[in-house]
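Quick look at model_31.txt (compact mmCIF, C-alpha atoms):
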# COMPACT_ATOMS: atom_id res chain seq x y z
CA MET A 1 20.03 -9.74 -20.83
CA GLY A 2 19.24 -9.52 -17.12
CA PHE A 3 18.39 -6.59 -14.89
CA ARG A 4 21.22 -4.41 -13.66
CA ILE A 5 20.75 -2.96 -10.19
CA SER A 6 22.98 -0.21 -8.87
CA GLY A 7 23.02 1.33 -5.43
CA SER A 8 23.78 4.77 -4.04
CA SER A 9 25.24 5.63 -0.69
CA SER A 10 23.75 9.12 -0.79
CA SER A 11 20.14 7.97 -0.50
CA SER A 12 17.89 4.96 0.04
CA CYS A 13 17.97 3.96 -3.58
CA PHE A 14 18.41 1.13 -6.07
CA CYS A 15 18.35 2.99 -9.32
CA LEU A 16 19.39 3.74 -12.82
CA GLN A 17 16.85 6.54 -12.95
CA ARG A 18 16.53 8.85 -9.98
CA THR A 19 13.15 9.91 -8.67
CA LEU A 20 11.94 13.31 -9.82
CA LEU A 21 10.34 14.05 -6.46
CA PRO A 22 12.55 15.43 -3.70
CA PRO A 23 11.24 14.75 -0.17
CA LEU A 24 10.36 17.51 2.27
CA THR A 25 13.89 18.93 2.35
CA ALA A 26 14.30 18.91 -1.45
CA ILE A 27 16.50 15.84 -1.46
CA ALA A 28 16.03 13.04 -3.98
CA THR A 29 15.38 9.92 -1.94
CA SER A 30 13.30 7.05 -3.18
CA THR A 31 13.66 3.35 -3.62
CA ARG A 32 13.63 2.60 -7.29
CA GLY A 33 14.26 0.84 -10.24
CA PHE A 34 15.49 -1.53 -12.78
CA LYS A 35 16.31 -1.00 -16.43
CA ARG A 36 17.13 -3.20 -19.37
CA ARG A 37 17.32 -2.74 -23.09
CA SER A 38 16.14 -5.12 -25.76
CA ASN A 39 15.76 -5.28 -29.53
CA CYS A 40 12.44 -7.08 -29.30
CA ILE A 41 9.39 -5.41 -30.83
CA PRO A 42 6.51 -4.58 -28.44
CA SER A 43 4.53 -7.65 -29.50
CA CYS A 44 7.28 -9.82 -28.02
CA SER A 45 7.05 -8.19 -24.60
CA VAL A 46 5.27 -9.64 -21.61
CA SER A 47 1.70 -8.40 -21.38
CA TYR A 48 1.38 -5.64 -18.82
CA ARG A 49 -2.19 -6.76 -18.26
CA LYS A 50 -0.83 -9.93 -16.67
CA PHE A 51 1.21 -7.82 -14.26
CA VAL A 52 -1.91 -5.89 -13.25
CA GLU A 53 -3.86 -9.11 -12.81
CA PHE A 54 -1.06 -10.53 -10.67
CA ALA A 55 -0.85 -7.33 -8.61
CA LEU A 56 -4.59 -7.35 -7.97
CA ASP A 57 -4.55 -11.05 -7.05
CA GLU A 58 -1.70 -10.49 -4.61
CA THR A 59 -3.39 -7.45 -3.10
CA THR A 60 -6.66 -9.28 -2.53
CA LEU A 61 -4.75 -11.88 -0.52
CA HIS A 62 -4.00 -9.11 1.97
CA THR A 63 -7.05 -6.85 1.82
CA HIS A 64 -10.50 -6.57 0.28
CA LEU A 65 -10.73 -4.32 -2.76
CA ILE A 66 -13.80 -2.61 -4.16
CA PRO A 67 -14.07 -0.62 -7.41
CA SER A 68 -13.32 3.07 -7.04
CA PRO A 69 -15.97 5.62 -8.09
CA LEU A 70 -13.38 6.72 -10.66
CA GLN A 71 -13.85 3.43 -12.53
CA GLU A 72 -17.12 4.57 -14.09
CA LYS A 73 -15.48 7.52 -15.88
CA TYR A 74 -11.92 6.25 -16.33
CA ASN A 75 -11.93 2.79 -17.90
CA PHE A 76 -11.09 2.96 -21.61
CA MET A 77 -10.14 5.50 -24.29
CA ASN A 78 -8.98 5.44 -27.88
CA SER A 79 -6.14 7.71 -28.98
CA LYS A 80 -6.94 10.61 -31.29
CA ASP A 81 -5.49 8.79 -34.30
CA GLY A 82 -7.37 5.58 -33.52
CA LYS A 83 -4.13 3.60 -33.39
CA GLY A 84 -3.75 3.39 -29.63
CA THR A 85 -5.78 2.45 -26.57
CA LEU A 86 -5.73 3.49 -22.92
CA SER A 87 -7.13 1.02 -20.38
CA MET A 88 -7.70 2.01 -16.75
CA LEU A 89 -8.64 0.25 -13.52
CA SER A 90 -9.15 1.72 -10.06
CA PHE A 91 -9.92 0.27 -6.64
CA GLU A 92 -9.94 1.21 -2.98
CA GLY A 93 -9.62 -0.73 0.26
CA ALA A 94 -9.76 -0.43 4.03
CA LYS A 95 -6.30 1.17 4.16
CA ILE A 96 -5.91 2.05 0.47
CA ARG A 97 -7.20 5.43 -0.76
CA LEU A 98 -6.61 4.53 -4.39
CA LEU A 99 -5.05 1.64 -6.31
CA ARG A 100 -5.05 2.47 -10.00
CA SER A 101 -3.47 1.33 -13.24
CA LEU A 102 -3.14 2.81 -16.71
CA ILE A 103 -2.04 0.72 -19.68
CA ILE A 104 -1.23 2.48 -22.96
CA GLU A 105 -0.85 0.35 -26.08
CA THR A 106 0.05 1.72 -29.51
CA GLU A 107 1.79 0.35 -32.59
CA THR A 108 5.15 1.57 -31.31
CA MET A 109 5.04 1.35 -27.52
CA GLN A 110 3.45 -0.16 -24.45
CA VAL A 111 3.24 1.69 -21.11
CA LEU A 112 2.08 0.73 -17.63
CA ASP A 113 1.58 3.22 -14.80
CA PHE A 114 0.55 1.41 -11.59
CA THR A 115 0.31 3.20 -8.23
CA VAL A 116 -1.11 2.52 -4.77
CA PHE A 117 -1.89 5.44 -2.44
CA PRO A 118 -2.54 4.73 1.27
CA LYS A 119 -5.24 6.53 3.19
CA ALA A 120 -4.10 9.55 5.18
CA GLU A 121 -4.36 7.64 8.46
CA TYR A 122 -1.36 5.57 7.35
CA ASP A 123 2.09 7.01 6.64
CA ILE A 124 3.07 4.10 4.38
CA PRO A 125 5.20 5.13 1.35
CA ILE A 126 3.41 5.38 -2.00
CA PHE A 127 4.06 2.35 -4.21
CA CYS A 128 4.62 2.84 -7.96
CA ALA A 129 5.45 0.49 -10.82
CA ASN A 130 6.19 2.03 -14.22
CA PHE A 131 6.93 -0.08 -17.31
CA PHE A 132 7.80 1.12 -20.81
CA THR A 133 8.42 -0.97 -23.93
CA SER A 134 9.29 0.17 -27.43
CA ALA A 135 11.03 -1.56 -30.34
CA LYS A 136 14.48 -1.03 -28.82
CA THR A 137 13.92 -0.32 -25.14
CA ASN A 138 12.41 -1.99 -22.09
CA ILE A 139 12.34 0.02 -18.86
CA VAL A 140 10.98 -1.15 -15.52
CA VAL A 141 10.92 1.21 -12.54
CA LEU A 142 9.71 0.12 -9.10
CA ASP A 143 9.36 3.07 -6.77
CA LEU A 144 8.61 3.51 -3.07
CA ASN A 145 8.05 7.22 -2.47
CA PRO A 146 8.41 8.16 1.20
CA LEU A 147 5.76 10.54 2.47
CA HIS A 148 8.23 12.11 4.86
CA ASP A 149 11.91 13.04 4.87
CA ILE A 150 13.93 9.88 5.57
CA ILE A 151 17.16 11.83 5.87
CA ASN A 152 16.19 13.88 8.90
CA GLN A 153 13.24 11.89 10.24
CA HIS A 154 15.14 8.87 11.46
CA GLU A 155 12.12 7.23 13.08
CA TYR A 156 10.29 7.16 9.74
CA LYS A 157 13.35 5.72 8.03
CA GLU A 158 13.74 3.02 10.68
CA LYS A 159 10.02 2.25 10.54
CA TYR A 160 9.81 1.55 6.83
CA PHE A 161 12.97 1.91 4.76
CA LYS A 162 15.83 0.28 6.62
CA SER A 163 14.54 -3.23 5.93
CA LEU A 164 13.56 -2.48 2.33
CA ILE A 165 16.93 -1.65 0.83
CA PRO A 166 18.22 -5.25 0.46
CA LEU A 167 14.95 -6.63 -0.85
CA GLY A 168 15.19 -5.53 -4.47
CA LEU A 169 12.39 -7.07 -6.50
CA LYS A 170 10.23 -7.87 -3.46
CA TYR A 171 9.13 -4.27 -2.95
CA ALA A 172 5.49 -4.91 -3.84
CA GLU A 173 5.27 -7.91 -1.54
CA VAL A 174 6.86 -5.98 1.28
CA TRP A 175 4.57 -2.99 0.73
CA LEU A 176 1.52 -5.20 1.09
CA LYS A 177 2.89 -6.62 4.34
CA LEU A 178 3.59 -3.10 5.61
CA ILE A 179 0.07 -1.89 4.89
CA CYS A 180 -1.44 -4.96 6.53
CA LYS A 181 0.56 -4.42 9.72
CA ALA A 182 0.14 -0.64 9.80
CA ASP A 183 -1.76 0.78 12.75
CA LYS A 184 -4.40 3.39 12.02
CA GLU A 185 -3.26 6.84 13.08
CA THR A 186 -5.57 8.70 15.46
CA ASP A 187 -3.51 11.83 16.05
CA GLU A 188 -5.21 14.51 13.94
CA SER A 189 -2.00 16.50 13.50
CA GLN A 190 -0.15 13.46 12.15
CA ILE A 191 -3.04 12.59 9.82
CA PHE A 192 -2.89 16.15 8.49
CA HIS A 193 0.89 15.81 8.09
CA ASN A 194 0.42 12.57 6.10
CA LEU A 195 -2.29 14.19 3.99
CA GLU A 196 -0.12 17.19 3.18
CA ALA A 197 2.83 14.93 2.31
CA GLN A 198 0.69 12.92 -0.10
CA HIS A 199 -0.72 16.11 -1.61
CA ARG A 200 2.83 17.39 -2.06
CA TYR A 201 3.71 14.23 -4.02
CA LEU A 202 0.59 14.56 -6.19
CA THR A 203 1.28 18.23 -6.86
CA TRP A 204 4.80 17.41 -8.01
CA ARG A 205 3.69 14.60 -10.30
CA VAL A 206 0.88 16.60 -11.94
CA GLU A 207 3.38 19.30 -12.87
CA LYS A 208 6.51 17.24 -13.58
CA ASP A 209 5.37 13.75 -14.58
CA PRO A 210 7.43 12.74 -17.65
CA GLY A 211 4.49 10.91 -19.24
CA GLN A 212 2.49 14.08 -19.87
CA GLY A 213 3.84 14.46 -23.41
CA VAL A 214 2.74 10.95 -24.37
CA LEU A 215 -0.77 11.49 -23.02
CA LYS A 216 -1.17 14.85 -24.75
CA LYS A 217 -0.07 13.35 -28.05
CA LEU A 218 -2.47 10.42 -27.71
CA ILE A 219 -5.64 12.07 -26.41
CA GLY A 220 -5.09 15.83 -26.57
CA ASP A 221 -4.29 18.49 -23.97
CA THR A 222 -7.74 18.68 -22.36
CA LEU A 223 -8.26 14.95 -21.80
CA ALA A 224 -4.63 14.49 -20.76
CA LYS A 225 -4.92 17.19 -18.10
CA ASP A 226 -8.17 15.69 -16.84
CA MET A 227 -6.64 12.21 -16.61
CA LEU A 228 -3.56 13.50 -14.78
CA ARG A 229 -5.52 15.48 -12.18
CA SER A 230 -8.58 13.28 -11.75
CA PHE A 231 -7.29 9.74 -12.28
CA LEU A 232 -3.52 9.21 -12.28
CA PHE A 233 -2.91 11.70 -9.47
CA ASN A 234 -6.38 11.81 -8.03
CA GLY A 235 -6.55 13.91 -4.89
CA VAL A 236 -4.40 16.80 -6.08
CA ASP A 237 -7.52 19.01 -6.16
CA GLU A 238 -9.14 17.56 -3.03
CA LEU A 239 -6.46 16.72 -0.46
CA GLY A 240 -4.98 20.21 -0.15
CA SER A 241 -4.98 23.75 -1.49
CA LYS A 242 -1.25 24.50 -1.76
CA THR A 243 0.20 25.09 -5.21
CA PHE A 244 3.38 23.82 -6.82
CA ASN A 245 5.07 27.13 -6.00
CA ASP A 246 4.03 26.79 -2.36
CA TYR A 247 5.73 23.40 -2.07
CA PHE A 248 8.65 24.03 -4.42
CA PRO A 249 9.37 27.78 -4.47
CA ARG A 250 12.90 27.27 -5.77
CA TYR A 251 11.51 26.04 -9.09
CA CYS A 252 9.81 29.36 -9.75
CA CYS A 253 11.83 31.63 -12.03
CA GLN A 254 11.83 35.42 -11.74
CA GLU A 255 9.39 35.83 -14.62
CA GLY A 256 6.93 33.50 -12.87
CA THR A 257 7.56 30.43 -15.03
CA LEU A 258 8.69 27.07 -13.67
CA ASN A 259 12.23 25.76 -13.93
CA LYS A 260 12.08 22.85 -16.38
CA LYS A 261 15.37 21.21 -15.36
CA GLY A 262 13.46 18.97 -12.98
CA ASN A 263 11.83 17.26 -15.98
CA VAL A 264 15.08 15.45 -16.79
CA ILE A 265 14.55 11.69 -16.76
CA GLY A 266 17.06 8.93 -17.28
CA LYS A 267 19.97 11.31 -16.67
CA SER A 268 22.75 10.74 -14.18
CA PHE A 269 22.36 12.31 -10.77
CA GLU A 270 24.94 15.02 -11.41
CA ASN A 271 22.73 16.37 -14.20
CA ARG A 272 19.72 16.74 -11.93
CA PRO A 273 18.77 20.14 -10.43
CA TRP A 274 20.00 19.10 -6.96
CA ASN A 275 23.24 17.61 -5.75
CA ALA A 276 24.01 14.45 -3.75
CA ARG A 277 23.33 16.32 -0.48
CA GLY A 278 19.90 17.42 -1.65
CA GLU A 279 20.90 21.03 -2.21
CA PHE A 280 19.10 22.74 -5.09
CA ILE A 281 21.54 23.80 -7.81
CA GLY A 282 19.14 24.81 -10.59
CA GLU A 283 19.09 28.35 -11.84

Can the structure in the file be given as structure tokens, please?
Amino acid sequence: MGFRISGSSSSSCFCLQRTLLPPLTAIATSTRGFKRRSNCIPSCSVSYRKFVEFALDETTLHTHLIPSPLQEKYNFMNSKDGKGTLSMLSFEGAKIRLLRSLIIETETMQVLDFTVFPKAEYDIPIFCANFFTSAKTNIVVLDLNPLHDIINQHEYKEKYFKSLIPLGLKYAEVWLKLICKADKETDESQIFHNLEAQHRYLTWRVEKDPGQGVLKKLIGDTLAKDMLRSFLFNGVDELGSKTFNDYFPRYCCQEGTLNKKGNVIGKSFENRPWNARGEFIGE
């Protein structure tokens, strides 16, 4: 069974699963994904390690990579029950703040979380690839998260996203070409703007990332929190000081708790906490 790709006229998006992160005006706009279902058991699936190897090989054709300081601490873990493993790699480059991968392998599932963050001097979208395989389901999501609002900031949209929409599966290749051609920003105010936008993304993912439950089950709350903040979404504690409520005040309920409706994944757009125009509709 092949991939099914659907489009949306309300945003720059190829998707069956909408992004959880609304851009700066709380509108869901990202370029993502592909989904297919299968009855194969995980052992029949393509090794995610080969994808990481391929991604690293392709990246080194465009830029020189060196191991990240994170690699020393975050490289391998066993799950609490001893039946699963977590393998991590991390690198950095001249224009890349962090390229990192996490592969989770258990008896019942296989997960890949692969992300590339540009340095703050470059306003390139954040590239993500997320794969999930279980006995009955295969999900592949390719995601280009814009740092800035592509609805209202037309120059940013023209600069990066207009040419990406028709390219489908070539997102990774295109991202590498974009980062190679990108000019280093020298305007301090724009660098700060890029930094804040990336911190906003990290803050959202640390709070709302749908994989938190899996990590907590495998390695416990403490290690899961550390991995989320220090490895998967590294920079959330260093790139800025704003909190989730500062960036997303509409998700704060009267009693001070966070609205959990934004955690919905795999649901149709009308069931998300914002509508097709990006207007928040959650309680």

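With only C-alpha atoms as the atoms that count, the minimum distance from Val174 (chain A) to the choices A:Tyr247, A:Phe127, A:Ser230, A:Pro69 is reached by A:Phe127.
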
*Would you kindly return, as a VMD selection string, each protein, DNA or RNA residue with an atom no farther than 10 Å from any atom of region 223-227 of chain A, considering only C-alpha atoms and excluding same-chain residues fewer than 6 positions away?*
chain A and resid 74 77 206 211 to 217 233 to 234

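Minimum atom-to-atom distances from A:Phe54, A:Tyr122, A:Phe76, A:Tyr48 to Gln198 (chain A) were compared using all atoms listed in the file, and the lowest value belongs to A:Tyr122.
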
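When CA of Thr60 (chain A) is paired with CA of Trp175 (chain A), their separation reads 13.3 Å.
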
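The shell of residues at most 6 Å from Ser79 (chain A), with all atoms listed in the file counted and near chain neighbours (fewer than 3 positions) removed, consists of Gly82, Gly84, Thr85, Leu218 and Ile219 of chain A.
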
*Neighbour list for Asp113 (chain A) as a VMD selection string, cut-off 8 Å, all atoms listed in the file, skip fewer than 3 positions in-chain*: chain A and resid 101 to 103 128 to 131

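The residues that lie within 6 Å of the point (-1.2, 2.6, -10.0), counting only C-alpha atoms, are Leu99, Arg100, Ser101, Asp113, Phe114, Thr115 and Val116 of chain A.
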
Just want the 10 Å neighbourhood of Gln190 (chain A), counted on only C-alpha atoms, with same-chain residues fewer than 4 positions away dropped. Output as a PDB file with C-alpha atoms, in the coordinates of the input.
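File around-v3.pdb, as written:
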ATOM      1  CA  ALA A 120      -4.100   9.550   5.180  1.00  0.00           C
ATOM      2  CA  GLU A 121      -4.360   7.640   8.460  1.00  0.00           C
ATOM      3  CA  TYR A 122      -1.360   5.570   7.350  1.00  0.00           C
ATOM      4  CA  ASP A 123       2.090   7.010   6.640  1.00  0.00           C
ATOM      5  CA  GLU A 185      -3.260   6.840  13.080  1.00  0.00           C
ATOM      6  CA  THR A 186      -5.570   8.700  15.460  1.00  0.00           C
ATOM      7  CA  ASN A 194       0.420  12.570   6.100  1.00  0.00           C
ATOM      8  CA  LEU A 195      -2.290  14.190   3.990  1.00  0.00           C
ATOM      9  CA  GLU A 196      -0.120  17.190   3.180  1.00  0.00           C
TER      10      GLU A 196
END
